[in-house]
$ cat structure20.txt   # compact mmCIF, C-alpha atoms
# COMPACT_ATOMS: atom_id res chain seq x y z
CA MET A 1 -37.49 -71.97 -33.86
CA SER A 2 -40.25 -74.54 -33.82
CA GLU A 3 -43.43 -74.01 -35.78
CA PRO A 4 -46.74 -74.24 -33.91
CA GLU A 5 -48.15 -77.46 -35.37
CA ASP A 6 -51.79 -76.49 -35.42
CA LEU A 7 -51.00 -73.55 -37.72
CA LEU A 8 -49.85 -76.05 -40.35
CA ASP A 9 -53.14 -77.95 -40.07
CA ILE A 10 -55.46 -75.46 -41.79
CA PRO A 11 -56.38 -76.57 -45.34
CA GLY A 12 -55.33 -74.28 -48.19
CA THR A 13 -53.82 -71.75 -45.81
CA THR A 14 -50.25 -70.57 -45.22
CA VAL A 15 -49.88 -68.81 -41.87
CA PHE A 16 -47.10 -66.20 -41.95
CA THR A 17 -44.97 -67.80 -39.26
CA ALA A 18 -41.34 -67.06 -38.38
CA ALA A 19 -40.12 -69.74 -40.81
CA GLN A 20 -42.23 -68.28 -43.63
CA SER A 21 -41.10 -64.75 -42.82
CA ARG A 22 -37.42 -65.74 -42.91
CA ARG A 23 -37.87 -67.69 -46.15
CA GLY A 24 -39.67 -64.80 -47.81
CA PHE A 25 -37.79 -61.78 -46.48
CA HIS A 26 -36.25 -60.62 -49.78
CA LEU A 27 -39.31 -61.59 -51.85
CA ASN A 28 -41.48 -59.45 -49.58
CA GLN A 29 -38.98 -56.58 -49.55
CA PHE A 30 -39.01 -56.62 -53.36
CA CYS A 31 -42.81 -56.31 -53.15
CA MET A 32 -42.46 -53.29 -50.84
CA SER A 33 -40.31 -51.55 -53.44
CA LEU A 34 -43.35 -51.51 -55.77
CA MET A 35 -45.00 -48.89 -53.57
CA LYS A 36 -42.99 -46.27 -55.50
CA ALA A 37 -44.20 -45.38 -59.01
CA PRO A 38 -40.69 -45.21 -60.60
CA ASN A 39 -39.95 -48.72 -59.26
CA ARG A 40 -43.22 -50.02 -60.70
CA GLU A 41 -42.19 -48.61 -64.09
CA ALA A 42 -38.72 -50.17 -63.86
CA PHE A 43 -40.22 -53.55 -62.92
CA LYS A 44 -42.72 -53.42 -65.78
CA ALA A 45 -40.01 -52.42 -68.27
CA ASP A 46 -37.80 -55.43 -67.48
CA GLU A 47 -39.08 -57.80 -64.78
CA ARG A 48 -36.08 -60.11 -64.84
CA ALA A 49 -33.53 -57.30 -64.58
CA TYR A 50 -35.50 -55.66 -61.76
CA LEU A 51 -35.80 -58.94 -59.83
CA ASN A 52 -32.08 -59.59 -60.24
CA GLN A 53 -31.40 -56.58 -58.02
CA TRP A 54 -32.84 -58.52 -55.08
CA PRO A 55 -31.12 -61.45 -53.33
CA MET A 56 -34.11 -63.72 -54.00
CA THR A 57 -33.89 -67.39 -54.95
CA GLU A 58 -34.34 -68.31 -58.60
CA GLU A 59 -37.52 -70.14 -57.62
CA GLN A 60 -38.93 -66.99 -56.04
CA LYS A 61 -38.05 -64.86 -59.08
CA GLN A 62 -39.67 -67.35 -61.45
CA ALA A 63 -42.82 -67.54 -59.31
CA VAL A 64 -43.09 -63.73 -59.54
CA ILE A 65 -42.61 -63.76 -63.32
CA ASP A 66 -45.22 -66.55 -63.60
CA ARG A 67 -47.57 -64.65 -61.25
CA ASP A 68 -47.96 -67.95 -59.39
CA TYR A 69 -49.27 -66.59 -56.12
CA ASN A 70 -49.72 -69.95 -54.40
CA ARG A 71 -46.09 -70.74 -55.19
CA MET A 72 -45.04 -67.33 -53.86
CA LEU A 73 -46.97 -68.03 -50.64
CA GLY A 74 -45.15 -71.34 -50.32
CA LEU A 75 -41.82 -69.57 -50.76
CA GLY A 76 -42.46 -67.12 -47.94
CA GLY A 77 -44.51 -64.45 -49.65
CA ASN A 78 -47.15 -62.74 -47.53
CA ILE A 79 -50.39 -61.79 -49.24
CA TYR A 80 -50.31 -58.16 -48.08
CA PHE A 81 -46.87 -57.81 -49.63
CA LEU A 82 -47.75 -59.82 -52.75
CA ALA A 83 -50.69 -57.44 -53.23
CA LYS A 84 -48.19 -54.85 -54.49
CA ILE A 85 -47.51 -57.11 -57.49
CA PHE A 86 -51.10 -57.46 -58.64
CA ALA A 87 -51.74 -53.78 -57.84
CA THR A 88 -48.81 -52.98 -60.17
CA ASP A 89 -50.51 -55.18 -62.79
CA GLY A 90 -53.74 -53.21 -62.29
CA LYS A 91 -55.50 -56.31 -60.94
CA SER A 92 -57.88 -56.50 -57.98
CA PHE A 93 -57.65 -58.53 -54.79
CA GLN A 94 -60.68 -60.44 -56.02
CA TYR A 95 -58.85 -61.38 -59.23
CA ALA A 96 -55.84 -62.61 -57.22
CA ALA A 97 -58.04 -64.55 -54.79
CA SER A 98 -59.87 -66.32 -57.60
CA LEU A 99 -56.52 -67.19 -59.22
CA MET A 100 -55.26 -68.79 -55.99
CA THR A 101 -58.42 -70.88 -55.62
CA GLY A 102 -58.13 -72.20 -59.18
CA MET A 103 -61.60 -70.85 -59.98
CA SER A 104 -62.52 -68.48 -62.78
CA GLN A 105 -63.11 -64.97 -61.46
CA GLU A 106 -66.73 -65.31 -62.58
CA ASP A 107 -67.27 -68.48 -60.53
CA TYR A 108 -65.42 -67.02 -57.56
CA VAL A 109 -67.57 -63.87 -57.58
CA ALA A 110 -70.71 -66.03 -57.83
CA MET A 111 -69.53 -68.06 -54.82
CA MET A 112 -68.99 -64.88 -52.79
CA ILE A 113 -72.40 -63.46 -53.72
CA ALA A 114 -73.94 -66.77 -52.64
CA GLY A 115 -72.39 -66.32 -49.18
CA GLY A 116 -68.76 -67.32 -49.69
CA ARG A 117 -66.85 -70.54 -49.14
CA SER A 118 -68.35 -72.59 -46.31
CA PRO A 119 -66.01 -73.38 -43.41
CA ASP A 120 -67.43 -76.92 -43.31
CA GLY A 121 -64.79 -79.42 -44.29
CA VAL A 122 -61.92 -76.91 -44.45
CA ARG A 123 -61.16 -76.28 -40.79
CA SER A 124 -58.55 -78.96 -40.18
CA ILE A 125 -56.54 -81.34 -42.33
CA LYS A 126 -56.07 -83.75 -39.42
CA ASN A 127 -59.71 -83.86 -38.38
CA GLY A 128 -61.10 -83.60 -41.90
CA ASN A 129 -63.76 -81.11 -40.81
CA MET B 130 -61.46 -34.00 -18.70
CA ALA B 131 -61.29 -36.16 -21.82
CA ARG B 132 -63.80 -39.01 -21.99
CA ILE B 133 -64.52 -41.97 -24.25
CA THR B 134 -68.14 -41.60 -25.29
CA ALA B 135 -68.52 -44.42 -27.81
CA GLY B 136 -66.89 -47.34 -29.54
CA LEU B 137 -67.32 -48.22 -33.17
CA ALA B 138 -66.00 -51.15 -35.16
CA THR B 139 -65.99 -51.81 -38.85
CA SER B 140 -64.34 -53.81 -41.60
CA HIS B 141 -61.87 -51.81 -43.69
CA VAL B 142 -61.97 -53.55 -47.07
CA PRO B 143 -59.78 -51.82 -49.71
CA ALA B 144 -62.39 -52.47 -52.44
CA ILE B 145 -64.86 -50.33 -50.44
CA GLY B 146 -62.43 -47.42 -50.71
CA ALA B 147 -62.01 -48.06 -54.43
CA ALA B 148 -65.81 -48.25 -54.94
CA LEU B 149 -66.20 -44.91 -53.15
CA ASP B 150 -63.31 -43.22 -54.97
CA LEU B 151 -64.58 -44.45 -58.36
CA GLY B 152 -68.18 -43.34 -57.71
CA LYS B 153 -69.67 -46.85 -57.62
CA THR B 154 -71.58 -46.51 -54.33
CA GLN B 155 -74.99 -46.73 -56.04
CA ASP B 156 -74.12 -49.82 -58.09
CA ASP B 157 -76.32 -52.84 -57.23
CA TYR B 158 -73.32 -54.66 -55.78
CA TRP B 159 -72.15 -51.85 -53.49
CA LYS B 160 -75.40 -50.13 -52.55
CA PRO B 161 -76.26 -52.45 -49.63
CA VAL B 162 -72.73 -52.12 -48.23
CA PHE B 163 -72.82 -48.33 -48.09
CA ALA B 164 -76.45 -48.31 -46.88
CA GLY B 165 -75.20 -50.21 -43.83
CA TYR B 166 -73.35 -47.08 -42.73
CA ASP B 167 -76.21 -44.58 -43.12
CA TRP B 168 -77.09 -44.97 -39.45
CA ALA B 169 -73.53 -44.27 -38.25
CA LYS B 170 -73.18 -41.32 -40.63
CA ALA B 171 -76.26 -39.64 -39.15
CA TRP B 172 -75.32 -40.63 -35.60
CA VAL B 173 -71.79 -39.24 -35.76
CA LYS B 174 -73.12 -35.82 -36.84
CA ASP B 175 -74.90 -35.55 -33.50
CA GLU B 176 -72.06 -37.05 -31.50
CA LYS B 177 -69.43 -34.65 -32.90
CA PRO B 178 -66.33 -36.43 -31.61
CA ASP B 179 -63.21 -34.28 -31.26
CA VAL B 180 -60.82 -37.19 -31.56
CA VAL B 181 -61.04 -40.75 -32.85
CA ILE B 182 -58.51 -43.28 -31.54
CA LEU B 183 -58.45 -45.52 -34.57
CA VAL B 184 -57.14 -49.06 -34.06
CA TYR B 185 -56.17 -50.61 -37.38
CA ASN B 186 -53.54 -52.73 -39.01
CA ASP B 187 -50.96 -51.58 -41.49
CA HIS B 188 -50.92 -53.74 -44.63
CA ALA B 189 -47.21 -53.62 -45.47
CA SER B 190 -47.41 -49.86 -46.11
CA ALA B 191 -45.75 -48.00 -43.24
CA PHE B 192 -44.13 -51.12 -41.80
CA SER B 193 -42.37 -53.74 -43.86
CA LEU B 194 -40.51 -56.74 -42.47
CA GLU B 195 -37.71 -54.36 -41.43
CA LEU B 196 -39.64 -53.36 -38.35
CA ILE B 197 -42.71 -55.10 -36.89
CA PRO B 198 -44.15 -53.32 -33.85
CA THR B 199 -46.91 -55.24 -32.07
CA PHE B 200 -48.56 -51.98 -30.96
CA ALA B 201 -47.62 -48.60 -32.46
CA ILE B 202 -49.15 -45.20 -31.75
CA GLY B 203 -49.05 -42.31 -34.22
CA CYS B 204 -47.96 -39.14 -32.41
CA ALA B 205 -47.39 -36.96 -35.51
CA GLU B 206 -49.21 -33.75 -36.45
CA SER B 207 -50.51 -35.43 -39.60
CA PHE B 208 -50.45 -38.66 -41.63
CA ALA B 209 -50.54 -38.83 -45.42
CA PRO B 210 -52.53 -41.48 -47.33
CA ALA B 211 -50.15 -44.27 -48.42
CA ASP B 212 -49.41 -45.37 -51.99
CA GLU B 213 -50.39 -49.05 -51.84
CA GLY B 214 -49.31 -49.84 -55.38
CA PHE B 215 -51.91 -47.90 -57.34
CA GLY B 216 -51.24 -44.38 -56.04
CA PRO B 217 -52.55 -42.87 -52.78
CA ARG B 218 -56.32 -42.74 -52.20
CA PRO B 219 -57.76 -39.30 -53.05
CA VAL B 220 -58.75 -38.55 -49.46
CA PRO B 221 -57.75 -35.73 -47.10
CA VAL B 222 -54.56 -35.88 -45.06
CA VAL B 223 -55.33 -37.29 -41.60
CA GLU B 224 -54.75 -34.74 -38.84
CA GLY B 225 -53.40 -36.19 -35.62
CA HIS B 226 -53.74 -35.06 -32.00
CA PRO B 227 -50.12 -35.11 -30.80
CA ASP B 228 -50.88 -33.87 -27.25
CA LEU B 229 -53.34 -36.67 -26.51
CA ALA B 230 -51.32 -39.23 -28.48
CA TRP B 231 -48.14 -38.53 -26.51
CA HIS B 232 -50.17 -38.60 -23.31
CA ILE B 233 -51.58 -42.03 -24.22
CA ALA B 234 -48.11 -43.26 -25.19
CA GLN B 235 -46.62 -42.15 -21.87
CA SER B 236 -49.54 -43.39 -19.81
CA THR B 237 -49.76 -46.84 -21.45
CA ILE B 238 -45.98 -47.40 -21.35
CA LEU B 239 -45.89 -46.57 -17.64
CA ASP B 240 -48.91 -48.87 -17.36
CA GLU B 241 -46.58 -51.62 -18.66
CA PHE B 242 -47.59 -51.74 -22.34
CA ASP B 243 -44.69 -51.55 -24.79
CA MET B 244 -46.03 -49.05 -27.31
CA THR B 245 -43.90 -48.04 -30.28
CA ILE B 246 -43.98 -44.27 -30.76
CA VAL B 247 -44.30 -43.25 -34.41
CA ASN B 248 -43.57 -39.69 -35.49
CA LYS B 249 -43.73 -40.21 -39.22
CA MET B 250 -45.84 -42.68 -41.17
CA ASP B 251 -48.27 -42.92 -44.05
CA VAL B 252 -51.65 -44.53 -43.36
CA ASP B 253 -53.21 -47.07 -45.69
CA HIS B 254 -56.78 -48.21 -46.42
CA GLY B 255 -56.93 -49.86 -42.99
CA LEU B 256 -57.27 -46.38 -41.53
CA THR B 257 -58.78 -44.31 -44.35
CA VAL B 258 -61.62 -46.65 -45.41
CA PRO B 259 -63.32 -46.57 -41.97
CA LEU B 260 -63.10 -42.75 -41.98
CA SER B 261 -64.69 -42.70 -45.46
CA LEU B 262 -67.47 -45.06 -44.39
CA VAL B 263 -68.46 -42.88 -41.45
CA PHE B 264 -67.61 -39.36 -42.70
CA GLY B 265 -68.13 -39.74 -46.46
CA GLN B 266 -66.02 -37.63 -48.81
CA PRO B 267 -65.33 -34.30 -47.08
CA ASP B 268 -62.59 -31.81 -48.05
CA ALA B 269 -61.08 -32.31 -44.61
CA TRP B 270 -61.78 -35.01 -42.01
CA PRO B 271 -64.01 -33.51 -39.29
CA VAL B 272 -62.04 -35.14 -36.45
CA LYS B 273 -58.48 -35.51 -35.25
CA VAL B 274 -57.29 -39.08 -35.45
CA ILE B 275 -54.82 -41.00 -33.30
CA PRO B 276 -53.72 -44.08 -35.24
CA ILE B 277 -52.93 -47.20 -33.22
CA ALA B 278 -51.43 -49.83 -35.51
CA VAL B 279 -51.53 -53.48 -34.43
CA ASN B 280 -49.47 -56.26 -35.98
CA VAL B 281 -51.84 -58.91 -37.31
CA VAL B 282 -49.67 -59.77 -40.33
CA GLN B 283 -46.63 -61.51 -38.84
CA TYR B 284 -47.49 -64.43 -36.55
CA PRO B 285 -48.00 -64.09 -33.63
CA PRO B 286 -50.36 -61.15 -33.31
CA PRO B 287 -51.13 -60.04 -29.75
CA THR B 288 -53.67 -62.21 -27.92
CA GLY B 289 -57.26 -61.09 -27.61
CA ASN B 290 -56.78 -60.76 -23.87
CA ARG B 291 -53.74 -58.50 -24.33
CA CYS B 292 -55.77 -56.38 -26.74
CA TRP B 293 -58.63 -56.06 -24.25
CA LYS B 294 -56.19 -54.99 -21.52
CA LEU B 295 -54.57 -52.42 -23.81
CA GLY B 296 -58.05 -51.02 -24.41
CA GLU B 297 -58.50 -50.70 -20.64
CA ALA B 298 -55.13 -48.93 -20.39
CA ILE B 299 -56.07 -46.54 -23.20
CA ALA B 300 -59.30 -45.71 -21.36
CA ARG B 301 -57.32 -44.93 -18.18
CA ALA B 302 -54.99 -42.71 -20.23
CA VAL B 303 -57.85 -40.78 -21.83
CA GLU B 304 -59.58 -40.27 -18.49
CA SER B 305 -56.42 -38.71 -17.07
CA PHE B 306 -56.03 -36.18 -19.91
CA PRO B 307 -56.99 -32.76 -18.52
CA GLU B 308 -58.45 -31.20 -21.68
CA ASP B 309 -62.21 -31.51 -22.22
CA LEU B 310 -62.42 -33.78 -25.26
CA ASN B 311 -65.10 -36.03 -26.71
CA VAL B 312 -63.14 -39.13 -27.72
CA GLN B 313 -64.31 -42.20 -29.61
CA ILE B 314 -62.40 -45.43 -30.03
CA TRP B 315 -62.74 -47.42 -33.24
CA GLY B 316 -61.67 -50.98 -33.87
CA THR B 317 -61.29 -51.85 -37.53
CA GLY B 318 -60.57 -54.77 -39.83
CA GLY B 319 -62.01 -58.21 -39.69
CA MET B 320 -65.13 -60.26 -40.00
CA SER B 321 -64.47 -63.48 -41.78
CA HIS B 322 -62.21 -63.27 -44.76
CA GLN B 323 -59.33 -65.16 -46.24
CA LEU B 324 -57.36 -63.45 -48.97
CA GLN B 325 -54.82 -66.15 -49.72
CA GLY B 326 -54.37 -69.65 -51.05
CA PRO B 327 -56.86 -72.31 -52.20
CA ARG B 328 -59.17 -71.60 -49.23
CA ALA B 329 -59.63 -67.92 -50.23
CA GLY B 330 -63.19 -66.68 -49.97
CA LEU B 331 -63.99 -68.36 -46.65
CA ILE B 332 -66.99 -66.80 -44.94
CA ASN B 333 -68.39 -68.01 -41.60
CA ARG B 334 -71.57 -66.09 -40.91
CA GLU B 335 -72.33 -68.04 -37.75
CA PHE B 336 -68.92 -67.26 -36.24
CA ASP B 337 -69.18 -63.57 -37.17
CA ILE B 338 -72.65 -63.13 -35.66
CA ALA B 339 -71.55 -64.92 -32.49
CA PHE B 340 -68.54 -62.57 -32.26
CA LEU B 341 -70.81 -59.52 -32.56
CA ASP B 342 -73.13 -60.93 -29.88
CA LYS B 343 -70.29 -61.69 -27.48
CA LEU B 344 -68.76 -58.19 -27.71
CA THR B 345 -71.44 -57.07 -25.27
CA ALA B 346 -72.88 -60.35 -23.90
CA ASP B 347 -69.71 -62.30 -23.12
CA PRO B 348 -66.46 -60.43 -23.83
CA ASP B 349 -64.53 -62.82 -21.55
CA ALA B 350 -65.18 -65.63 -24.03
CA LEU B 351 -63.63 -63.51 -26.79
CA ARG B 352 -60.65 -62.62 -24.61
CA ALA B 353 -59.94 -66.32 -24.20
CA MET B 354 -60.29 -67.27 -27.86
CA GLN B 355 -57.07 -68.65 -29.35
CA HIS B 356 -55.52 -67.41 -32.60
CA VAL B 357 -55.91 -70.78 -34.28
CA GLU B 358 -59.66 -70.67 -33.73
CA TYR B 359 -59.93 -67.34 -35.56
CA LEU B 360 -57.76 -68.72 -38.36
CA ARG B 361 -59.76 -71.93 -38.74
CA GLU B 362 -63.21 -70.40 -38.36
CA SER B 363 -63.01 -66.94 -39.89
CA GLY B 364 -60.12 -67.24 -42.34
CA SER B 365 -56.47 -66.29 -42.19
CA GLU B 366 -57.23 -62.56 -42.25
CA GLY B 367 -60.18 -62.96 -39.87
CA ILE B 368 -57.50 -62.73 -37.18
CA GLU B 369 -57.88 -58.95 -37.56
CA LEU B 370 -60.89 -59.26 -35.24
CA VAL B 371 -58.55 -59.13 -32.23
CA MET B 372 -58.35 -55.39 -32.90
CA TRP B 373 -62.04 -55.04 -32.06
CA LEU B 374 -61.16 -56.18 -28.54
CA ILE B 375 -59.01 -53.07 -27.98
CA MET B 376 -62.11 -51.00 -28.70
CA ALA B 377 -64.28 -53.22 -26.49
CA GLY B 378 -61.73 -53.22 -23.67
CA ALA B 379 -61.64 -49.41 -23.69
CA LEU B 380 -65.40 -49.36 -23.08
CA GLY B 381 -65.31 -52.10 -20.45
CA LYS B 382 -67.81 -54.79 -19.58
CA GLY B 383 -71.50 -53.97 -19.81
CA ALA B 384 -71.25 -51.91 -22.98
CA GLN B 385 -74.55 -51.29 -24.74
CA GLU B 386 -75.07 -52.04 -28.41
CA LEU B 387 -76.59 -49.11 -30.32
CA HIS B 388 -76.37 -50.44 -33.85
CA ARG B 389 -75.05 -53.29 -35.96
CA PHE B 390 -74.72 -54.21 -39.61
CA TYR B 391 -73.58 -57.40 -41.30
CA HIS B 392 -73.37 -58.12 -45.00
CA VAL B 393 -71.78 -60.63 -47.36
CA PRO B 394 -69.92 -59.98 -49.60
CA ALA B 395 -67.70 -57.00 -50.26
CA SER B 396 -65.11 -58.35 -52.66
CA ASN B 397 -63.56 -61.22 -50.63
CA THR B 398 -65.03 -60.52 -47.23
CA ALA B 399 -67.96 -60.26 -44.90
CA VAL B 400 -68.58 -56.71 -43.72
CA GLY B 401 -69.28 -56.19 -40.05
CA HIS B 402 -70.02 -52.97 -38.22
CA ILE B 403 -71.13 -52.23 -34.69
CA VAL B 404 -71.59 -49.14 -32.52
CA LEU B 405 -71.33 -49.38 -28.73
CA ARG B 406 -71.85 -47.09 -25.78
CA PRO B 407 -69.75 -47.51 -22.62
CA PRO B 408 -71.69 -48.70 -19.56
CA GLN B 409 -73.42 -45.87 -17.73
CA THR B 410 -71.77 -45.15 -14.40

$ encode --input "structure20.txt" --output "structure tokens"
Amino acid sequence: MSEPEDLLDIPGTTVFTAAQSRRGFHLNQFCMSLMKAPNREAFKADERAYLNQWPMTEEQKQAVIDRDYNRMLGLGGNIYFLAKIFATDGKSFQYAASLMTGMSQEDYVAMMIAGGRSPDGVRSIKNGN
Amino acid sequence: MARITAGLATSHVPAIGAALDLGKTQDDYWKPVFAGYDWAKAWVKDEKPDVVILVYNDHASAFSLELIPTFAIGCAESFAPADEGFGPRPVPVVEGHPDLAWHIAQSTILDEFDMTIVNKMDVDHGLTVPLSLVFGQPDAWPVKVIPIAVNVVQYPPPTGNRCWKLGEAIARAVESFPEDLNVQIWGTGGMSHQLQGPRAGLINREFDIAFLDKLTADPDALRAMQHVEYLRESGSEGIELVMWLIMAGALGKGAQELHRFYHVPASNTAVGHIVLRPPQT
């Protein structure tokens, strides 16, 4: 399965391709389990023990424990699945987005109110535009 | 005979649902967003649709990676609001229209579209937020709803052209349904947003406005637009805009714009909303 090259050329963006989906299958399925309240409680009570029930890589488990969303994306996580983790933590999408950009939530919100991140300069790695 | 009388499109931001459910609609931040729907709220009261065919995407709620249908149609009697990790939204159960839904499923499959028939599923904010924006907070939704879920999560989503053609096939299906029904088709999701990674927060106002313009002025240009262009220009989740082309395709070329609204931001996204009338024949 070859990856469409232009999908790898977008700065700061991980497209959920076949390779990503295969890499992240169990990570994302773990996320799905958090849609049930008893599972959320079990995860919160002992994150490590709960994660050990899933055939995820150690790297994936650690990224979840660290709440390192960019790392989770790199390991095949999809943002709509990963959203179950920060929802379980009682955090908003805006909080998670600011975390992934490395900005404080305050600065991120200010950027959005000012019109959001400009597309200029972040369209293509290759073309630098 | 059933007929499609209007098309409507809107973003379906989860934070909008949360703002509504938590009573924040009059806050300075949210007021302009909700005000953008006042026109449609008044309009829909006069239009009185019987059924809304609501094109949306599931956000890892009803479908996980176990099963990824490109196009799925909800044929059930009813659909419960999904628990997306913080409990289900406090909104009414969505009543379906199984007779018309099964008719559309049969008609579109024989018309060479591979629809997945769904008899049991919960519906997430992708479907319930647009209903809230247009109908407010009633005890029961005033319309029957036929959910059509489109995969825009796992690459590749369907092409814009395929979406347009499915819209045309849905219109043919509705026209051949014998019952006298006032049917609307809604496309949801989209306008520029990126929810992931270091580029999160991308907003491209110019691209969004051009997309709104072309829905009526030059839909062929939108049908030809490649996925990578959406991803580069409107953010990774801006790809959801292909779902608006199912709505536009169902109306056909020459649709008339009745209303539009555009606002930045709602949480991480631009909010877009448009109401269209099919061309007069």

$ interface_residues --input "structure20.txt" --of "chain B" --to "chain A" --cutoff "8 Å" --atoms "only C-alpha atoms" --output "PDB file with C-alpha atoms, in the coordinates of the input"
ATOM      1  CA  HIS B 188     -50.920 -53.740 -44.630  1.00  0.00           C
ATOM      2  CA  ALA B 189     -47.210 -53.620 -45.470  1.00  0.00           C
ATOM      3  CA  SER B 190     -47.410 -49.860 -46.110  1.00  0.00           C
ATOM      4  CA  SER B 193     -42.370 -53.740 -43.860  1.00  0.00           C
ATOM      5  CA  LEU B 194     -40.510 -56.740 -42.470  1.00  0.00           C
ATOM      6  CA  ASP B 212     -49.410 -45.370 -51.990  1.00  0.00           C
ATOM      7  CA  GLU B 213     -50.390 -49.050 -51.840  1.00  0.00           C
ATOM      8  CA  GLY B 214     -49.310 -49.840 -55.380  1.00  0.00           C
ATOM      9  CA  PHE B 215     -51.910 -47.900 -57.340  1.00  0.00           C
ATOM     10  CA  GLY B 216     -51.240 -44.380 -56.040  1.00  0.00           C
ATOM     11  CA  VAL B 282     -49.670 -59.770 -40.330  1.00  0.00           C
ATOM     12  CA  GLN B 283     -46.630 -61.510 -38.840  1.00  0.00           C
ATOM     13  CA  TYR B 284     -47.490 -64.430 -36.550  1.00  0.00           C
ATOM     14  CA  PRO B 285     -48.000 -64.090 -33.630  1.00  0.00           C
ATOM     15  CA  LEU B 324     -57.360 -63.450 -48.970  1.00  0.00           C
ATOM     16  CA  GLN B 325     -54.820 -66.150 -49.720  1.00  0.00           C
ATOM     17  CA  GLY B 326     -54.370 -69.650 -51.050  1.00  0.00           C
ATOM     18  CA  PRO B 327     -56.860 -72.310 -52.200  1.00  0.00           C
ATOM     19  CA  ARG B 328     -59.170 -71.600 -49.230  1.00  0.00           C
ATOM     20  CA  ALA B 329     -59.630 -67.920 -50.230  1.00  0.00           C
ATOM     21  CA  GLY B 330     -63.190 -66.680 -49.970  1.00  0.00           C
ATOM     22  CA  LEU B 331     -63.990 -68.360 -46.650  1.00  0.00           C
ATOM     23  CA  ILE B 332     -66.990 -66.800 -44.940  1.00  0.00           C
ATOM     24  CA  ASN B 333     -68.390 -68.010 -41.600  1.00  0.00           C
ATOM     25  CA  VAL B 357     -55.910 -70.780 -34.280  1.00  0.00           C
ATOM     26  CA  LEU B 360     -57.760 -68.720 -38.360  1.00  0.00           C
ATOM     27  CA  ARG B 361     -59.760 -71.930 -38.740  1.00  0.00           C
ATOM     28  CA  GLU B 362     -63.210 -70.400 -38.360  1.00  0.00           C
ATOM     29  CA  SER B 363     -63.010 -66.940 -39.890  1.00  0.00           C
ATOM     30  CA  SER B 365     -56.470 -66.290 -42.190  1.00  0.00           C
ATOM     31  CA  VAL B 393     -71.780 -60.630 -47.360  1.00  0.00           C
ATOM     32  CA  PRO B 394     -69.920 -59.980 -49.600  1.00  0.00           C
ATOM     33  CA  SER B 396     -65.110 -58.350 -52.660  1.00  0.00           C
ATOM     34  CA  ASN B 397     -63.560 -61.220 -50.630  1.00  0.00           C
TER      35      ASN B 397
END

$ atom_distance --input "structure20.txt" --atom1 "atom CA of His232 of chain B" --atom2 "atom CA of Ala211 of chain B"
25.7 Å

$ atom_distance --input "structure20.txt" --atom1 "atom CA of Trp373 of chain B" --atom2 "atom CA of Leu196 of chain B"
23.3 Å

$ atom_distance --input "structure20.txt" --atom1 "atom CA of Val180 of chain B" --atom2 "atom CA of Ala205 of chain B"
14.0 Å

$ residues_around --input "structure20.txt" --residues "Lys61 of chain A" --least-positions-apart "5" --cutoff "8 Å" --atoms "only C-alpha atoms" --output "PyMOL selection string"
chain A and resi 48+51+56

$ closest_residue --input "structure20.txt" --among "A:Glu58, A:Leu75, A:Asn129, A:Ser104" --to "Ala19 of chain A" --atoms "only C-alpha atoms"
A:Leu75

$ residues_around --input "structure20.txt" --residues "Gly378 of chain B" --least-positions-apart "3" --cutoff "7 Å" --atoms "only C-alpha atoms" --output "list in words"
Trp293, Lys294, Gly296, Glu297, Leu374, Ile375 and Gly381 of chain B

$ closest_residue --input "structure20.txt" --among "B:Ala395, B:Val303, B:Ala353, B:Ile403" --to "Val263 of chain B" --atoms "only C-alpha atoms"
B:Ile403

$ residues_around --input "structure20.txt" --residues "segment 219-225 of chain B" --least-positions-apart "2" --cutoff "10 Å" --atoms "all atoms listed in the file" --output "number ranges by chain"
B: 146-147, 150, 180-182, 203-210, 216-217, 227-230, 251-252, 256-258, 260-261, 265-276

$ write_last_selection --input "structure20.txt" --atoms "C-alpha atoms" --output "compact mmCIF listing (two decimals), in the coordinates of the input"
# COMPACT_ATOMS: atom_id res chain seq x y z
CA GLY B 146 -62.43 -47.42 -50.71
CA ALA B 147 -62.01 -48.06 -54.43
CA ASP B 150 -63.31 -43.22 -54.97
CA VAL B 180 -60.82 -37.19 -31.56
CA VAL B 181 -61.04 -40.75 -32.85
CA ILE B 182 -58.51 -43.28 -31.54
CA GLY B 203 -49.05 -42.31 -34.22
CA CYS B 204 -47.96 -39.14 -32.41
CA ALA B 205 -47.39 -36.96 -35.51
CA GLU B 206 -49.21 -33.75 -36.45
CA SER B 207 -50.51 -35.43 -39.60
CA PHE B 208 -50.45 -38.66 -41.63
CA ALA B 209 -50.54 -38.83 -45.42
CA PRO B 210 -52.53 -41.48 -47.33
CA GLY B 216 -51.24 -44.38 -56.04
CA PRO B 217 -52.55 -42.87 -52.78
CA PRO B 227 -50.12 -35.11 -30.80
CA ASP B 228 -50.88 -33.87 -27.25
CA LEU B 229 -53.34 -36.67 -26.51
CA ALA B 230 -51.32 -39.23 -28.48
CA ASP B 251 -48.27 -42.92 -44.05
CA VAL B 252 -51.65 -44.53 -43.36
CA LEU B 256 -57.27 -46.38 -41.53
CA THR B 257 -58.78 -44.31 -44.35
CA VAL B 258 -61.62 -46.65 -45.41
CA LEU B 260 -63.10 -42.75 -41.98
CA SER B 261 -64.69 -42.70 -45.46
CA GLY B 265 -68.13 -39.74 -46.46
CA GLN B 266 -66.02 -37.63 -48.81
CA PRO B 267 -65.33 -34.30 -47.08
CA ASP B 268 -62.59 -31.81 -48.05
CA ALA B 269 -61.08 -32.31 -44.61
CA TRP B 270 -61.78 -35.01 -42.01
CA PRO B 271 -64.01 -33.51 -39.29
CA VAL B 272 -62.04 -35.14 -36.45
CA LYS B 273 -58.48 -35.51 -35.25
CA VAL B 274 -57.29 -39.08 -35.45
CA ILE B 275 -54.82 -41.00 -33.30
CA PRO B 276 -53.72 -44.08 -35.24
